[in-house]
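K.L.:
I'm passing along input32.cif; it holds mmCIF, C-alpha atoms.
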```
data_work
#
loop_
_atom_site.label_atom_id
_atom_site.label_comp_id
_atom_site.auth_asym_id
_atom_site.auth_seq_id
_atom_site.Cartn_x
_atom_site.Cartn_y
_atom_site.Cartn_z
CA MET A 266 42.07 0.12 42.64
CA GLU A 267 42.86 -1.24 46.06
CA LYS A 268 40.58 -3.76 47.68
CA THR A 269 38.71 -2.07 50.55
CA ALA A 270 37.77 -5.39 52.19
CA ASP A 271 36.82 -8.94 51.29
CA ILE A 272 33.15 -8.19 51.76
CA LEU A 273 31.45 -4.86 51.23
CA ILE A 274 28.28 -4.86 53.30
CA VAL A 275 25.60 -2.46 52.11
CA GLY A 276 23.59 -1.58 55.22
CA ALA A 277 24.86 -1.37 58.80
CA GLY A 278 21.74 -2.71 60.51
CA PRO A 279 21.84 -5.67 62.91
CA VAL A 280 22.22 -8.25 60.13
CA GLY A 281 25.03 -6.36 58.38
CA LEU A 282 26.81 -5.93 61.71
CA PHE A 283 26.59 -9.58 62.77
CA THR A 284 27.82 -10.69 59.35
CA VAL A 285 31.13 -8.99 60.21
CA PHE A 286 31.48 -11.44 63.11
CA GLU A 287 30.77 -14.55 61.08
CA ALA A 288 33.04 -13.33 58.26
CA GLY A 289 35.75 -12.56 60.81
CA LEU A 290 35.72 -16.14 62.04
CA LEU A 291 36.71 -17.12 58.49
CA LYS A 292 39.37 -14.36 58.42
CA LEU A 293 37.36 -12.35 55.90
CA THR A 294 37.44 -8.56 56.36
CA CYS A 295 34.35 -6.36 56.03
CA HIS A 296 33.52 -2.75 55.27
CA LEU A 297 30.01 -1.38 55.85
CA ILE A 298 28.21 1.45 54.05
CA ASP A 299 25.04 3.07 55.37
CA SER A 300 23.08 6.14 54.38
CA LEU A 301 22.36 6.88 58.05
CA PRO A 302 25.06 8.64 60.06
CA GLN A 303 25.19 5.90 62.71
CA PRO A 304 25.18 2.08 62.69
CA GLY A 305 22.08 0.11 63.66
CA GLY A 306 19.70 0.75 60.78
CA GLN A 307 16.04 0.97 61.73
CA LEU A 308 16.80 -0.17 65.28
CA THR A 309 18.72 3.02 65.95
CA GLU A 310 16.79 5.28 63.60
CA ILE A 311 13.19 4.26 64.29
CA TYR A 312 12.93 2.45 67.60
CA PRO A 313 16.06 2.55 69.81
CA LYS A 314 14.00 2.49 73.02
CA LYS A 315 11.65 -0.32 72.02
CA PRO A 316 12.23 -3.76 73.51
CA ILE A 317 12.76 -6.73 71.19
CA TYR A 318 11.54 -10.08 72.54
CA ASP A 319 12.62 -12.61 69.92
CA ILE A 320 16.41 -12.58 70.09
CA PRO A 321 17.44 -16.02 71.41
CA GLY A 322 18.84 -15.79 74.92
CA TYR A 323 17.44 -12.31 75.55
CA PRO A 324 13.92 -12.36 77.05
CA SER A 325 13.92 -8.65 76.26
CA VAL A 326 16.54 -6.32 74.84
CA LEU A 327 16.23 -2.66 73.83
CA ALA A 328 16.91 -2.19 70.12
CA GLY A 329 19.62 0.38 70.87
CA ASP A 330 21.30 -1.98 73.34
CA LEU A 331 21.28 -4.81 70.80
CA VAL A 332 23.14 -2.57 68.36
CA ASP A 333 25.67 -1.54 71.05
CA ASN A 334 26.25 -5.21 71.87
CA LEU A 335 26.70 -6.11 68.20
CA MET A 336 29.25 -3.31 67.80
CA GLU A 337 31.15 -4.70 70.80
CA GLN A 338 30.92 -8.22 69.44
CA ILE A 339 32.39 -7.32 66.03
CA ALA A 340 35.05 -4.91 67.32
CA PRO A 341 37.81 -7.61 67.28
CA PHE A 342 37.36 -7.87 63.51
CA LYS A 343 37.97 -4.14 62.93
CA PRO A 344 35.25 -3.45 60.34
CA GLY A 345 35.52 -0.30 58.25
CA PHE A 346 32.57 2.10 58.03
CA THR A 347 31.38 4.60 55.46
CA LEU A 348 28.41 6.21 57.19
CA GLY A 349 26.07 8.98 56.08
CA GLU A 350 26.59 7.99 52.45
CA ARG A 351 24.23 6.01 50.28
CA ALA A 352 25.54 3.21 48.06
CA GLU A 353 24.58 4.56 44.67
CA SER A 354 26.10 2.56 41.82
CA LEU A 355 27.70 -0.82 41.33
CA GLU A 356 30.22 -1.67 38.64
CA GLN A 357 32.21 -4.79 37.90
CA VAL A 358 35.80 -3.58 37.51
CA GLY A 359 37.74 -6.82 37.22
CA GLU A 360 37.51 -10.53 37.69
CA LYS A 361 35.92 -10.97 41.10
CA MET A 362 36.10 -7.27 41.84
CA TYR A 363 33.22 -4.83 42.21
CA LYS A 364 33.29 -1.10 42.73
CA VAL A 365 30.52 0.59 44.74
CA THR A 366 30.30 4.36 44.50
CA THR A 367 28.38 6.37 47.10
CA ASN A 368 26.29 9.49 46.54
CA ARG A 369 29.26 11.48 47.80
CA GLY A 370 31.66 9.91 45.31
CA THR A 371 33.45 7.57 47.73
CA GLU A 372 34.68 4.50 45.83
CA LEU A 373 34.90 1.14 47.58
CA PHE A 374 36.24 -2.12 46.13
CA ALA A 375 35.58 -5.74 47.08
CA PRO A 376 35.20 -9.15 45.46
CA VAL A 377 31.99 -9.83 47.38
CA ILE A 378 29.02 -7.56 47.99
CA ALA A 379 26.54 -8.42 50.75
CA ILE A 380 23.40 -6.35 50.52
CA ALA A 381 21.91 -6.09 54.00
CA GLY A 382 19.87 -3.06 53.10
CA GLY A 383 16.82 -3.87 55.20
CA LEU A 384 13.89 -1.80 54.03
CA GLY A 385 16.18 0.36 51.91
CA SER A 386 17.71 3.72 52.59
CA PHE A 387 15.86 6.25 54.66
CA GLU A 388 14.61 9.13 52.56
CA PRO A 389 12.57 12.17 53.61
CA ARG A 390 8.80 11.69 53.39
CA LYS A 391 7.41 13.88 50.66
CA PRO A 392 3.97 15.38 51.15
CA PRO A 393 1.46 14.36 48.47
CA ILE A 394 1.40 17.61 46.52
CA ASP A 395 1.08 16.92 42.79
CA ASN A 396 3.79 19.19 41.43
CA ILE A 397 6.22 19.04 44.37
CA ALA A 398 8.92 17.34 42.29
CA ASP A 399 8.93 20.36 39.92
CA TYR A 400 10.14 22.60 42.73
CA GLU A 401 12.78 20.37 44.29
CA ASP A 402 15.97 22.46 44.28
CA ALA A 403 13.78 25.36 43.14
CA GLY A 404 12.35 26.35 46.50
CA VAL A 405 11.50 23.01 48.11
CA ASP A 406 14.01 21.48 50.55
CA TYR A 407 13.40 18.27 52.50
CA ILE A 408 16.71 18.44 54.36
CA ILE A 409 18.45 21.51 55.69
CA LYS A 410 22.17 21.26 55.11
CA ASP A 411 23.14 24.89 55.62
CA PRO A 412 20.63 27.19 57.36
CA GLU A 413 22.53 30.22 55.98
CA LYS A 414 20.86 29.48 52.65
CA PHE A 415 17.68 30.90 54.17
CA ARG A 416 19.16 34.18 55.48
CA GLY A 417 16.82 37.05 54.72
CA LYS A 418 14.35 34.75 52.96
CA ARG A 419 10.67 33.96 53.54
CA VAL A 420 10.38 30.36 54.68
CA LEU A 421 7.44 28.02 55.28
CA VAL A 422 8.12 25.01 57.50
CA ALA A 423 5.55 22.17 57.53
CA GLY A 424 5.27 19.43 60.13
CA GLY A 425 4.74 19.14 63.85
CA GLY A 426 7.58 16.95 65.06
CA ASP A 427 10.92 17.72 66.63
CA SER A 428 12.76 18.54 63.45
CA ALA A 429 10.02 20.95 62.29
CA LEU A 430 10.07 22.67 65.71
CA ASP A 431 13.86 22.78 65.97
CA TRP A 432 14.34 24.23 62.52
CA THR A 433 11.58 26.77 63.05
CA ILE A 434 13.44 27.97 66.15
CA ILE A 435 16.79 28.14 64.35
CA LEU A 436 15.38 29.80 61.23
CA ALA A 437 13.53 32.41 63.29
CA ASP A 438 16.91 34.06 63.85
CA ILE A 439 18.13 33.71 60.29
CA ALA A 440 15.24 34.01 57.87
CA ASP A 441 13.32 37.21 57.21
CA GLU A 442 9.94 35.55 57.74
CA VAL A 443 9.20 32.12 59.20
CA THR A 444 5.77 30.53 58.95
CA MET A 445 5.02 27.15 60.42
CA VAL A 446 2.05 25.14 59.22
CA HIS A 447 0.84 22.18 61.23
CA ARG A 448 -2.20 19.96 60.83
CA ARG A 449 -3.14 19.93 64.48
CA THR A 450 -3.17 22.41 67.35
CA SER A 451 -0.90 20.29 69.51
CA PHE A 452 2.71 19.29 68.90
CA ARG A 453 4.39 16.01 69.69
CA GLY A 454 7.92 17.45 69.93
CA ALA A 455 9.99 18.09 73.06
CA ILE A 456 8.17 20.37 75.51
CA ASP A 457 11.04 22.89 75.52
CA SER A 458 10.90 23.23 71.75
CA VAL A 459 7.11 23.58 71.77
CA GLU A 460 7.30 26.33 74.41
CA LYS A 461 10.03 28.14 72.50
CA VAL A 462 7.97 28.11 69.29
CA MET A 463 4.95 29.43 71.24
CA GLU A 464 7.10 32.28 72.60
CA LEU A 465 8.41 33.09 69.13
CA THR A 466 4.82 33.11 67.87
CA LYS A 467 3.74 35.51 70.61
CA SER A 468 6.62 37.86 69.90
CA GLY A 469 5.77 37.79 66.21
CA LYS A 470 9.01 36.21 65.04
CA VAL A 471 7.17 33.10 63.86
CA LYS A 472 3.77 32.95 62.26
CA LEU A 473 1.98 29.76 63.25
CA ILE A 474 -0.89 28.33 61.20
CA THR A 475 -2.48 25.29 62.84
CA GLU A 476 -5.18 22.87 61.69
CA ALA A 477 -3.89 23.53 58.22
CA GLN A 478 -1.73 21.99 55.55
CA ALA A 479 0.14 22.96 52.43
CA VAL A 480 -1.83 21.64 49.46
CA GLY A 481 -0.36 23.37 46.42
CA LEU A 482 2.79 25.01 45.06
CA LYS A 483 2.97 27.87 42.59
CA GLY A 484 5.73 29.61 40.72
CA ASP A 485 7.28 30.01 37.32
CA GLY A 486 10.10 27.48 37.56
CA GLN A 487 11.01 28.88 41.00
CA LEU A 488 8.64 28.58 43.93
CA THR A 489 6.81 31.81 44.76
CA HIS A 490 3.65 30.75 46.64
CA VAL A 491 2.37 27.87 48.72
CA THR A 492 -1.36 27.23 48.86
CA ILE A 493 -2.47 26.57 52.41
CA GLU A 494 -5.74 24.92 53.29
CA VAL A 495 -7.05 25.74 56.76
CA ASP A 496 -9.63 23.29 58.13
CA ASN A 497 -13.16 24.57 57.41
CA GLN A 498 -11.82 27.92 56.21
CA GLY A 499 -10.76 27.28 52.63
CA THR A 500 -7.44 28.02 51.02
CA HIS A 501 -5.13 30.98 50.65
CA ASP A 502 -1.74 31.55 49.02
CA LEU A 503 1.29 32.49 51.05
CA ALA A 504 4.23 34.21 49.32
CA VAL A 505 7.47 32.38 50.21
CA ASP A 506 10.95 31.79 48.88
CA TYR A 507 11.30 28.34 50.43
CA PHE A 508 9.01 25.50 51.49
CA ILE A 509 10.55 23.01 53.92
CA PRO A 510 8.32 19.97 54.59
CA LEU A 511 9.66 17.98 57.57
CA PHE A 512 7.67 14.76 57.96
CA GLY A 513 10.34 12.31 59.02
CA LEU A 514 12.01 9.58 57.03
CA SER A 515 10.68 6.52 55.27
CA PRO A 516 12.66 3.66 53.75
CA LYS A 517 13.05 3.19 50.00
CA LEU A 518 14.85 0.38 48.17
CA GLY A 519 16.46 3.13 46.12
CA PRO A 520 19.42 2.70 43.77
CA ILE A 521 19.97 -0.99 44.74
CA GLY A 522 16.91 -1.65 42.59
CA ASP A 523 19.00 -0.73 39.52
CA TRP A 524 21.94 -3.04 40.17
CA GLY A 525 20.81 -5.74 37.77
CA LEU A 526 19.44 -7.95 40.52
CA GLU A 527 16.22 -9.89 40.29
CA ILE A 528 13.60 -7.98 42.28
CA LYS A 529 10.23 -9.24 43.45
CA ASP A 530 7.81 -7.28 45.64
CA ASN A 531 10.45 -4.67 46.43
CA ALA A 532 12.93 -7.29 47.67
CA ILE A 533 15.93 -9.09 46.13
CA VAL A 534 15.37 -12.68 45.08
CA VAL A 535 17.96 -15.09 46.54
CA ASP A 536 18.76 -18.79 46.57
CA THR A 537 18.31 -20.14 50.09
CA PHE A 538 21.34 -22.39 49.63
CA ASP A 539 23.67 -19.45 50.29
CA TYR A 540 21.55 -16.29 49.83
CA ALA A 541 23.24 -15.56 46.50
CA THR A 542 21.52 -13.24 44.05
CA ASN A 543 21.49 -13.73 40.29
CA ARG A 544 24.88 -11.92 40.02
CA PRO A 545 28.03 -13.83 41.02
CA GLY A 546 29.63 -12.59 44.23
CA ILE A 547 26.57 -10.56 45.22
CA TYR A 548 24.45 -11.78 48.11
CA ALA A 549 21.39 -10.34 49.85
CA ILE A 550 20.61 -11.01 53.50
CA GLY A 551 18.03 -9.85 56.03
CA ASP A 552 14.83 -7.93 55.33
CA VAL A 553 16.02 -6.89 51.86
CA ASN A 554 15.82 -10.40 50.37
CA THR A 555 12.94 -12.67 49.52
CA TYR A 556 12.52 -16.41 49.00
CA PRO A 557 9.71 -18.92 49.55
CA GLY A 558 8.88 -18.89 53.27
CA LYS A 559 10.79 -15.67 53.99
CA LEU A 560 10.27 -14.14 57.43
CA LYS A 561 11.51 -10.63 58.12
CA LEU A 562 13.10 -11.31 61.49
CA ILE A 563 16.49 -10.23 62.83
CA LEU A 564 16.97 -13.83 63.91
CA CYS A 565 16.59 -15.09 60.33
CA GLY A 566 18.93 -12.40 59.03
CA PHE A 567 21.65 -13.57 61.42
CA HIS A 568 21.28 -17.10 60.06
CA GLU A 569 21.35 -15.87 56.46
CA GLY A 570 24.54 -13.85 57.05
CA THR A 571 26.21 -16.85 58.69
CA LEU A 572 25.57 -19.18 55.76
CA MET A 573 26.34 -16.46 53.24
CA VAL A 574 29.93 -15.89 54.43
CA GLN A 575 30.70 -19.59 54.00
CA SER A 576 29.74 -19.30 50.35
CA ALA A 577 31.61 -15.98 50.03
CA PHE A 578 34.79 -17.65 51.32
CA LYS A 579 34.56 -20.39 48.72
CA TYR A 580 33.88 -17.79 46.04
CA ILE A 581 36.90 -15.67 46.96
CA TYR A 582 39.25 -18.57 47.67
CA PRO A 583 38.03 -21.50 45.55
CA ASP A 584 41.27 -23.43 46.12
CA GLN A 585 41.42 -23.12 49.89
CA LYS A 586 39.80 -25.57 52.18
CA LEU A 587 37.26 -23.97 54.47
CA SER A 588 37.38 -25.24 58.01
CA PHE A 589 34.56 -24.27 60.29
CA LYS A 590 35.57 -23.55 63.87
CA TYR A 591 33.24 -23.41 66.84
CA THR A 592 33.92 -20.34 68.95
CA THR A 593 33.27 -22.45 72.06
CA VAL A 594 36.45 -24.36 71.22
CA ALA A 595 38.70 -21.74 69.67
CA GLY A 596 37.38 -18.51 71.22
CA VAL A 597 37.20 -15.34 69.13
CA ASN A 598 40.51 -14.40 67.54
CA GLY A 599 40.34 -10.93 66.05
CA PHE A 600 42.59 -9.33 63.46
CA MET B 56 -18.41 -14.49 65.21
CA ASN B 57 -18.54 -17.97 63.67
CA GLU B 58 -18.23 -21.34 65.42
CA ASN B 59 -14.40 -21.34 65.13
CA GLY B 60 -14.17 -18.15 67.15
CA ASN B 61 -13.29 -16.19 64.01
CA ILE B 62 -14.66 -12.85 62.92
CA ASN B 63 -15.01 -11.29 59.50
CA ILE B 64 -13.71 -7.89 58.54
CA MET B 65 -14.24 -6.18 55.22
CA VAL B 66 -11.30 -4.39 53.62
CA THR B 67 -11.50 -2.33 50.45
CA ASP B 68 -8.13 -2.15 48.71
CA ARG B 69 -6.70 0.81 46.79
CA GLU B 70 -8.27 -0.41 43.55
CA GLY B 71 -11.70 -0.32 45.20
CA ILE B 72 -12.02 -4.10 45.46
CA ALA B 73 -13.66 -5.33 48.65
CA HIS B 74 -12.21 -8.36 50.44
CA THR B 75 -13.76 -10.30 53.30
CA LEU B 76 -11.07 -11.44 55.70
CA GLU B 77 -11.67 -14.09 58.32
CA ALA B 78 -9.57 -13.58 61.41
CA PRO B 79 -9.14 -15.55 64.65
CA THR B 80 -9.77 -13.62 67.85
CA ASP B 81 -7.49 -15.73 70.06
CA MET B 82 -4.08 -14.98 68.50
CA SER B 83 -3.56 -11.33 69.53
CA LEU B 84 -3.58 -10.37 65.88
CA ASN B 85 -4.13 -6.87 64.64
CA VAL B 86 -5.72 -5.59 61.44
CA MET B 87 -2.33 -4.96 59.77
CA GLU B 88 -1.26 -8.56 60.35
CA VAL B 89 -4.54 -9.92 59.03
CA CYS B 90 -4.22 -7.80 55.88
CA LYS B 91 -0.72 -9.19 55.35
CA MET B 92 -1.97 -12.74 55.92
CA TYR B 93 -4.33 -12.18 52.99
CA GLN B 94 -1.52 -10.56 50.98
CA LEU B 95 -3.28 -7.24 50.66
CA PRO B 96 -0.87 -4.40 49.79
CA VAL B 97 -0.12 -3.37 53.37
CA GLU B 98 3.59 -3.04 54.09
CA GLY B 99 3.61 -3.04 57.90
CA THR B 100 7.13 -1.67 57.63
CA CYS B 101 7.75 -1.12 61.35
CA GLY B 102 6.24 -4.43 62.38
CA GLY B 103 3.27 -2.99 64.24
CA MET B 104 4.82 -0.39 66.51
CA ALA B 105 2.86 2.60 65.21
CA LEU B 106 6.05 3.96 63.73
CA CYS B 107 5.52 4.02 59.98
CA ALA B 108 1.84 4.53 59.04
CA SER B 109 2.12 2.06 56.16
CA CYS B 110 -1.01 0.33 57.55
CA HIS B 111 -3.08 3.53 57.55
CA VAL B 112 -6.79 2.72 57.05
CA TYR B 113 -10.11 4.55 57.04
CA VAL B 114 -12.82 3.09 59.24
CA LEU B 115 -16.06 2.94 57.22
CA SER B 116 -18.40 1.17 59.64
CA ASP B 117 -19.65 2.67 62.89
CA HIS B 118 -17.93 0.21 65.21
CA GLU B 119 -16.90 1.71 68.49
CA LEU B 120 -13.12 1.41 68.54
CA HIS B 121 -10.81 1.93 71.48
CA PRO B 122 -9.36 5.45 71.50
CA MET B 123 -5.94 6.11 69.99
CA ASN B 124 -2.94 6.04 72.26
CA GLU B 125 -0.28 8.70 72.01
CA ASP B 126 1.96 6.67 69.68
CA GLU B 127 -0.83 6.22 67.15
CA GLU B 128 -1.86 9.87 67.31
CA ASN B 129 1.73 10.99 66.84
CA MET B 130 2.28 8.75 63.88
CA LEU B 131 -0.95 9.75 62.16
CA ASP B 132 0.18 13.30 62.73
CA GLN B 133 3.13 12.68 60.41
CA ALA B 134 1.20 10.63 57.88
CA PHE B 135 -0.46 11.97 54.75
CA PHE B 136 -4.07 11.63 53.51
CA VAL B 137 -5.27 11.64 57.13
CA LYS B 138 -9.02 12.03 57.69
CA GLY B 139 -11.31 12.02 60.71
CA ASN B 140 -11.79 8.26 60.40
CA SER B 141 -8.09 7.42 60.02
CA ARG B 142 -6.53 4.69 62.15
CA LEU B 143 -3.41 2.57 62.04
CA GLY B 144 -4.30 -1.04 61.29
CA CYS B 145 -1.54 -2.30 63.58
CA GLN B 146 -3.20 -0.66 66.57
CA LEU B 147 -6.59 -2.29 65.97
CA LYS B 148 -6.60 -5.59 67.84
CA ILE B 149 -8.79 -8.35 66.44
CA THR B 150 -11.49 -8.89 69.04
CA GLU B 151 -15.09 -10.12 68.94
CA GLU B 152 -16.32 -6.53 68.97
CA LEU B 153 -14.72 -5.91 65.56
CA ASP B 154 -16.89 -8.51 63.80
CA GLY B 155 -18.22 -6.92 60.62
CA LEU B 156 -15.76 -4.03 60.73
CA SER B 157 -15.42 -2.30 57.38
CA LEU B 158 -12.17 -0.59 56.40
CA GLN B 159 -10.56 1.02 53.41
CA LEU B 160 -6.80 1.13 52.78
CA ALA B 161 -5.58 4.73 52.69
CA PRO B 162 -3.51 5.83 49.70
CA VAL B 163 0.26 5.54 50.01
CA GLY B 164 2.39 8.59 49.34
CA GLU B 165 5.85 8.59 47.85
#
```
Once you've parsed the file, please lay out its structure as structure tokens.
P.N.:
Amino acid sequence: MEKTADILIVGAGPVGLFTVFEAGLLKLTCHLIDSLPQPGGQLTEIYPKKPIYDIPGYPSVLAGDLVDNLMEQIAPFKPGFTLGERAESLEQVGEKMYKVTTNRGTELFAPVIAIAGGLGSFEPRKPPIDNIADYEDAGVDYIIKDPEKFRGKRVLVAGGGDSALDWTIILADIADEVTMVHRRTSFRGAIDSVEKVMELTKSGKVKLITEAQAVGLKGDGQLTHVTIEVDNQGTHDLAVDYFIPLFGLSPKLGPIGDWGLEIKDNAIVVDTFDYATNRPGIYAIGDVNTYPGKLKLILCGFHEGTLMVQSAFKYIYPDQKLSFKYTTVAGVNGF
Amino acid sequence: MNENGNINIMVTDREGIAHTLEAPTDMSLNVMEVCKMYQLPVEGTCGGMALCASCHVYVLSDHELHPMNEDEENMLDQAFFVKGNSRLGCQLKITEELDGLSLQLAPVGE
């Protein structure tokens, strides 16, 4: 059981990233975990090209640029990253030592946990079909890990965005039969992908059903048919081996909700003195926390992370005197 | 519109309870923000950028609303429970013309 870092930050969004800087000024090391494959959280995942207007000193900054700048700013403090893995379970394994295990079995150890989980981890949106959960891993896939799984199979892809189009194109060469169902007649994906799908439809390699949606699933334990409702034309059943709904990602608080922390309105309750939760050594900062007067702003998250690391220092080193240094005087001294 | 320059909009929540919300027209607010002000169960996850559909509403009255822009159409395309009268609350700006607007919160999926 070797300590991974002083502070394990759950969530590599802007607040988690900036906390590395403030911790670094106190010579505390950080390691970040995020379920997304890249740092930046919702800024990178949802709106990288959108301008943000309320970061002090920046009249306007693109979300993606803000993340790039934060990465540059924290580089001197050499943070560790475990990306593409979701923090799953938390266990106290010693005095002032926690173990966080990810969904891929990676084990990380630290005396302090800072949950900067934002809106939660990004999970695939599931279409509202009553019995869809019954067929998960029995014919319904929300994420395609290995397209070879679908070789020679009959596949129904639902959705009209880029990932639905891209996978339809890829699966057209692999699967035996590819049907795409989309609620509208137009697509919002990249023009190239739309044209390619139209070509594949013309040549008969893809069957396209528009102004329609999947409304029911049938099978005896394993999916055999999807019920498709076509606007103003009623429903029919399509025989398939796999149903792949691709409707983007939406955030969920997820496993953090089971870590023994006080939760209110889908957020973690903290003390505004130092953003501590009800468990010693565990803090929550940014959009994931709640307290009287809470505002979900990046700006406020930066402030919360800054105060939090002061408390974390005192928690880890109760006998050491904490001296606060202004970077204007001392500069930034990395590790 | 009343003497304070405020309008009223009617919002029916997911339990079927109707709420009358008074909203100022001079603060560039949108319907999502007004719902949140009144603590109705509207997440507004993306902060009003037409990127999450958590403020999906059905328009019940026959107010003439400005047409959807591409962002709103694209997002509603990915949302569930979409009907002909679906809109994103965050894209409906509070203006005088919306006085008396009646809306219903759309169901939220998983």
K.L.:
At what distance in Å, to one decimal, does CA of His111 in chain B lie from CA of Ala134 in chain B?
P.N.:
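The value is 8.3 Å.
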K.L.:
Expanded to explicit residues, what is the PyMOL selection byres ((chain A and resi 349-358) around 7) for this file, as a list in words?
P.N.:
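For this structure, the PyMOL selection byres ((chain A and resi 349-358) around 7) resolves to Val275, Ile298, Asp299, Ser300, Leu301, Pro302, Thr347, Leu348, Gly359, Met362, Tyr363, Lys364, Val365, Thr366, Thr367, Asn368, Arg369, Pro520 and Trp524 of chain A.
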K.L.:
With a distance cut-off of 12 Å and all atoms listed in the file, select the neighbouring residues of Gly276 in chain A, excluding the residue or stretch itself and same-chain residues fewer than 6 positions from it, and output the selection as JSON, numbers by chain.
P.N.:
{"A": [282, 283, 284, 285, 295, 296, 297, 298, 299, 300, 301, 302, 303, 304, 305, 306, 307, 346, 347, 348, 349, 350, 351, 352, 378, 379, 380, 381, 382, 383, 384, 385, 386, 387, 518, 521, 549, 550, 551, 552, 553]}
K.L.:
How about saving the chosen residues, C-alpha atoms kept, as a PDB file, in the coordinates of the input?
P.N.:
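Final output, out_9.pdb:
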```
ATOM      1  CA  LEU A 282      26.810  -5.930  61.710  1.00  0.00           C
ATOM      2  CA  PHE A 283      26.590  -9.580  62.770  1.00  0.00           C
ATOM      3  CA  THR A 284      27.820 -10.690  59.350  1.00  0.00           C
ATOM      4  CA  VAL A 285      31.130  -8.990  60.210  1.00  0.00           C
ATOM      5  CA  CYS A 295      34.350  -6.360  56.030  1.00  0.00           C
ATOM      6  CA  HIS A 296      33.520  -2.750  55.270  1.00  0.00           C
ATOM      7  CA  LEU A 297      30.010  -1.380  55.850  1.00  0.00           C
ATOM      8  CA  ILE A 298      28.210   1.450  54.050  1.00  0.00           C
ATOM      9  CA  ASP A 299      25.040   3.070  55.370  1.00  0.00           C
ATOM     10  CA  SER A 300      23.080   6.140  54.380  1.00  0.00           C
ATOM     11  CA  LEU A 301      22.360   6.880  58.050  1.00  0.00           C
ATOM     12  CA  PRO A 302      25.060   8.640  60.060  1.00  0.00           C
ATOM     13  CA  GLN A 303      25.190   5.900  62.710  1.00  0.00           C
ATOM     14  CA  PRO A 304      25.180   2.080  62.690  1.00  0.00           C
ATOM     15  CA  GLY A 305      22.080   0.110  63.660  1.00  0.00           C
ATOM     16  CA  GLY A 306      19.700   0.750  60.780  1.00  0.00           C
ATOM     17  CA  GLN A 307      16.040   0.970  61.730  1.00  0.00           C
ATOM     18  CA  PHE A 346      32.570   2.100  58.030  1.00  0.00           C
ATOM     19  CA  THR A 347      31.380   4.600  55.460  1.00  0.00           C
ATOM     20  CA  LEU A 348      28.410   6.210  57.190  1.00  0.00           C
ATOM     21  CA  GLY A 349      26.070   8.980  56.080  1.00  0.00           C
ATOM     22  CA  GLU A 350      26.590   7.990  52.450  1.00  0.00           C
ATOM     23  CA  ARG A 351      24.230   6.010  50.280  1.00  0.00           C
ATOM     24  CA  ALA A 352      25.540   3.210  48.060  1.00  0.00           C
ATOM     25  CA  ILE A 378      29.020  -7.560  47.990  1.00  0.00           C
ATOM     26  CA  ALA A 379      26.540  -8.420  50.750  1.00  0.00           C
ATOM     27  CA  ILE A 380      23.400  -6.350  50.520  1.00  0.00           C
ATOM     28  CA  ALA A 381      21.910  -6.090  54.000  1.00  0.00           C
ATOM     29  CA  GLY A 382      19.870  -3.060  53.100  1.00  0.00           C
ATOM     30  CA  GLY A 383      16.820  -3.870  55.200  1.00  0.00           C
ATOM     31  CA  LEU A 384      13.890  -1.800  54.030  1.00  0.00           C
ATOM     32  CA  GLY A 385      16.180   0.360  51.910  1.00  0.00           C
ATOM     33  CA  SER A 386      17.710   3.720  52.590  1.00  0.00           C
ATOM     34  CA  PHE A 387      15.860   6.250  54.660  1.00  0.00           C
ATOM     35  CA  LEU A 518      14.850   0.380  48.170  1.00  0.00           C
ATOM     36  CA  ILE A 521      19.970  -0.990  44.740  1.00  0.00           C
ATOM     37  CA  ALA A 549      21.390 -10.340  49.850  1.00  0.00           C
ATOM     38  CA  ILE A 550      20.610 -11.010  53.500  1.00  0.00           C
ATOM     39  CA  GLY A 551      18.030  -9.850  56.030  1.00  0.00           C
ATOM     40  CA  ASP A 552      14.830  -7.930  55.330  1.00  0.00           C
ATOM     41  CA  VAL A 553      16.020  -6.890  51.860  1.00  0.00           C
TER      42      VAL A 553
END
```
K.L.:
As a list in words, please: the residues near range 61-65 of chain B (cut-off 6 Å, all atoms listed in the file, same-chain neighbours under 3 positions excluded).
P.N.:
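Residues near the query, excluding close chain neighbours: Met56, Asn57, His74, Thr75, Leu76, Glu77, Ala78, Pro79, Thr80, Asp154, Gly155, Leu156 and Ser157 of chain B.
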K.L.:
Tell me which residues the PyMOL selection byres ((chain B and resi 133) around 8) grabs here, as JSON, numbers by chain.
P.N.:
{"A": [424, 425, 426, 512, 513], "B": [129, 130, 131, 132, 134, 135]}
K.L.:
Please return, as a ChimeraX atom specification, all residues of chain A lying within 10 Å of chain B when all atoms listed in the file are considered.
P.N.:
/A:307-308,311-312,315,384,388-394,424-426,447-449,451-454,511-517,561-562
K.L.:
Nearest residue to Lys470 in chain A out of A:Leu436, A:Leu290, A:Val495, A:Ala375, using all atoms listed in the file?
P.N.:
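Using all atoms listed in the file, Lys470 in chain A sits closest to A:Leu436.
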K.L.:
Given all atoms listed in the file as the basis, pick out the residue of B:Arg69, B:Lys91, B:Arg142, B:His121 nearest to Ala105 in chain B.
P.N.:
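Closest residue, counting all atoms listed in the file: B:Arg142.
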K.L.:
CA of Pro313 in chain A and CA of Asp431 in chain A are how many Å apart?
P.N.:
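It comes out at 20.7 Å.
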K.L.:
Quick check, in Å to one decimal: how far apart do CA of Ala429 in chain A and CA of Ala277 in chain A lie?
P.N.:
27.0 Å
K.L.:
Take the PyMOL selection byres ((chain A and resi 415) around 8), apply it to the structure above, and return the hits as an NGL selection string.
P.N.:
:A and (412-414 or 416-420 or 436 or 439-440 or 507)
K.L.:
Could you give me, as a ChimeraX atom specification, the residues within 12 Å of Lys559 in chain A, counting all atoms listed in the file and dropping anything in the same chain fewer than 2 positions from it?
P.N.:
/A:532-537,540,550-557,561-566,569
